[in-house]
Amino acid sequence: MKRIGIYVGSFNPVHKGHIAIAKACIDQKLVDEVWIIATGSYWNKNDLYPLKDRIAMLKLAAGSGIVIDETYNDLPYTYMIFRRLKKDHPDKSFSLILGADNLPRFREWRNYEELLDYEFLVLPRDDIGKEEIAQIMKDMGKNDYRILKLKQIDISSTYIRKHLNDHDLIKDMIDEDVYRYLIEMEKDLHAA
């Protein structure tokens, strides 16, 4: 059975940290592929770049084993995405990729109980140690999770958006093709 890591987010825009996380899941043989799903309308975010542009930028940045999804983008909640994935791909095994910073409030996610049926691939964060991760998982009755072996990545899409006009400041955070796309897109958005 093919193992697929599901990485859901706004990717507004995608940066090198996002891709490093996806690659780490594959390189550490936790999954065979990572499917990145950019959400069309994110429940807690405003001012997103148009979905078609976020998908185009993801395609520019993606590497081997990374699939950019264009099927489930209209679903606003992660549990809805997993419901559909399970129905549409019964021959595949799915894992949820998420940052440890999501764990303390995970029970606030809409229908979070459904997601507990899937393995979690957790990106460590400096402020949430392995012991705290283990305690949160224990409290949720969750045993099937793995912590990625990856240093914390301090790159923010918000920071990139705020500093688009200072290429030197963000050049190490964002793929060059994505950066060029963003600059052209910004010109088009402001010209409209």
# chains A, B, ... in the order shown; residues from 1 in each chain; ligands from 1

$ closest_atom_pairs --of "region 134-154 of chain A" --to "region 112-128 of chain A" --cutoff "8 Å" --atoms "only C-alpha atoms" --output "JSON lines"
{"residue": "A:Lys142", "atom": "CA", "partner": "A:Leu116", "partner_atom": "CA", "distance": 6.8}
{"residue": "A:Asp144", "atom": "CA", "partner": "A:Glu119", "partner_atom": "CA", "distance": 5.1}
{"residue": "A:Tyr145", "atom": "CA", "partner": "A:Phe120", "partner_atom": "CA", "distance": 4.5}
{"residue": "A:Arg146", "atom": "CA", "partner": "A:Leu121", "partner_atom": "CA", "distance": 5.1}
{"residue": "A:Ile147", "atom": "CA", "partner": "A:Val122", "partner_atom": "CA", "distance": 4.7}
{"residue": "A:Leu148", "atom": "CA", "partner": "A:Leu123", "partner_atom": "CA", "distance": 5.4}
{"residue": "A:Lys149", "atom": "CA", "partner": "A:Leu123", "partner_atom": "CA", "distance": 7.9}
{"residue": "A:Leu150", "atom": "CA", "partner": "A:Leu123", "partner_atom": "CA", "distance": 7.2}
{"residue": "A:Lys151", "atom": "CA", "partner": "A:Pro124", "partner_atom": "CA", "distance": 7.4}
{"residue": "A:Gln152", "atom": "CA", "partner": "A:Arg125", "partner_atom": "CA", "distance": 5.7}

$ closest_atom_pairs --of "region 2-41 of chain A" --to "region 65-79 of chain A" --cutoff "7 Å" --atoms "only C-alpha atoms" --output "Markdown table"
| residue | atom | partner | partner_atom | distance |
| --- | --- | --- | --- | --- |
| A:Glu33 | CA | A:Gly65 | CA | 4.8 |
| A:Val34 | CA | A:Ile66 | CA | 4.9 |
| A:Trp35 | CA | A:Val67 | CA | 4.7 |
| A:Ile36 | CA | A:Ile68 | CA | 5.0 |
| A:Ile37 | CA | A:Asp69 | CA | 5.3 |
| A:Ala38 | CA | A:Asn73 | CA | 5.8 |
| A:Thr39 | CA | A:Asn73 | CA | 4.6 |
| A:Gly40 | CA | A:Asn73 | CA | 5.1 |
| A:Ser41 | CA | A:Pro76 | CA | 6.0 |

$ atom_distance --atom1 "CA of Phe94 (chain A)" --atom2 "CA of Ile133 (chain A)"
20.5 Å

$ residues_around --residues "Glu176 (chain A)" --least-positions-apart "5" --cutoff "9 Å" --atoms "only C-alpha atoms" --output "list in words"
Ala61, Lys171 and Tyr181 of chain A

$ write_last_selection --atoms "N, CA and C atoms" --output "JSON list (two decimals), in the first residue's frame"
[["chain", "number", "residue", "atom", "x", "y", "z"],
["A", 61, "ALA", "N", 8.11, 25.05, -7.09],
["A", 61, "ALA", "CA", 9.00, 24.70, -5.99],
["A", 61, "ALA", "C", 9.10, 23.20, -5.72],
["A", 171, "LYS", "N", 16.01, 36.15, -0.13],
["A", 171, "LYS", "CA", 16.46, 35.26, -1.20],
["A", 171, "LYS", "C", 16.78, 33.84, -0.73],
["A", 181, "TYR", "N", 7.85, 34.69, -9.90],
["A", 181, "TYR", "CA", 6.40, 34.57, -10.11],
["A", 181, "TYR", "C", 5.65, 35.56, -9.21]]

$ select_by_dssp --residues "region 6-110 of chain A" --states "helix (DSSP H, G or I)" --output "number ranges by chain"
A: 16-27, 51-61, 78-88, 100-108

$ atom_distance --atom1 "CA of Leu96 (chain A)" --atom2 "CA of Lys2 (chain A)"
14.5 Å

$ residues_around --residues "Lys92 (chain A)" --least-positions-apart "4" --cutoff "8 Å" --atoms "only C-alpha atoms" --output "list in words"
Met1, Lys2, Arg3, Ile4 and Lys86 of chain A

$ closest_residue --among "A:Gly9, A:Leu182, A:Ile170, A:Leu58" --to "Asp154 (chain A)" --atoms "only C-alpha atoms"
A:Ile170

$ select_by_dssp --residues "region 14-140 of chain A" --states "strand (DSSP E or B)" --output "list in words"
Glu33, Val34, Trp35, Ile36, Ile37, Ala38, Ile66, Val67, Ile68, Lys92, Ser93, Phe94, Ser95, Leu96, Ile97, Leu98, Gly99, Glu119, Phe120, Leu121, Val122, Leu123, Arg125 and Ile128 of chain A

$ closest_residue --among "A:Leu48, A:Leu103, A:Ile183, A:Leu85" --to "Lys138 (chain A)" --atoms "only C-alpha atoms"
A:Leu103

$ closest_residue --among "A:Arg180, A:Met80, A:His89, A:Ala62" --to "Trp109 (chain A)" --atoms "only C-alpha atoms"
A:Met80

$ residues_around --residues "Arg161 (chain A)" --least-positions-apart "4" --cutoff "9 Å" --atoms "only C-alpha atoms" --output "PyMOL selection string"
chain A and resi 12-13+156-157+165
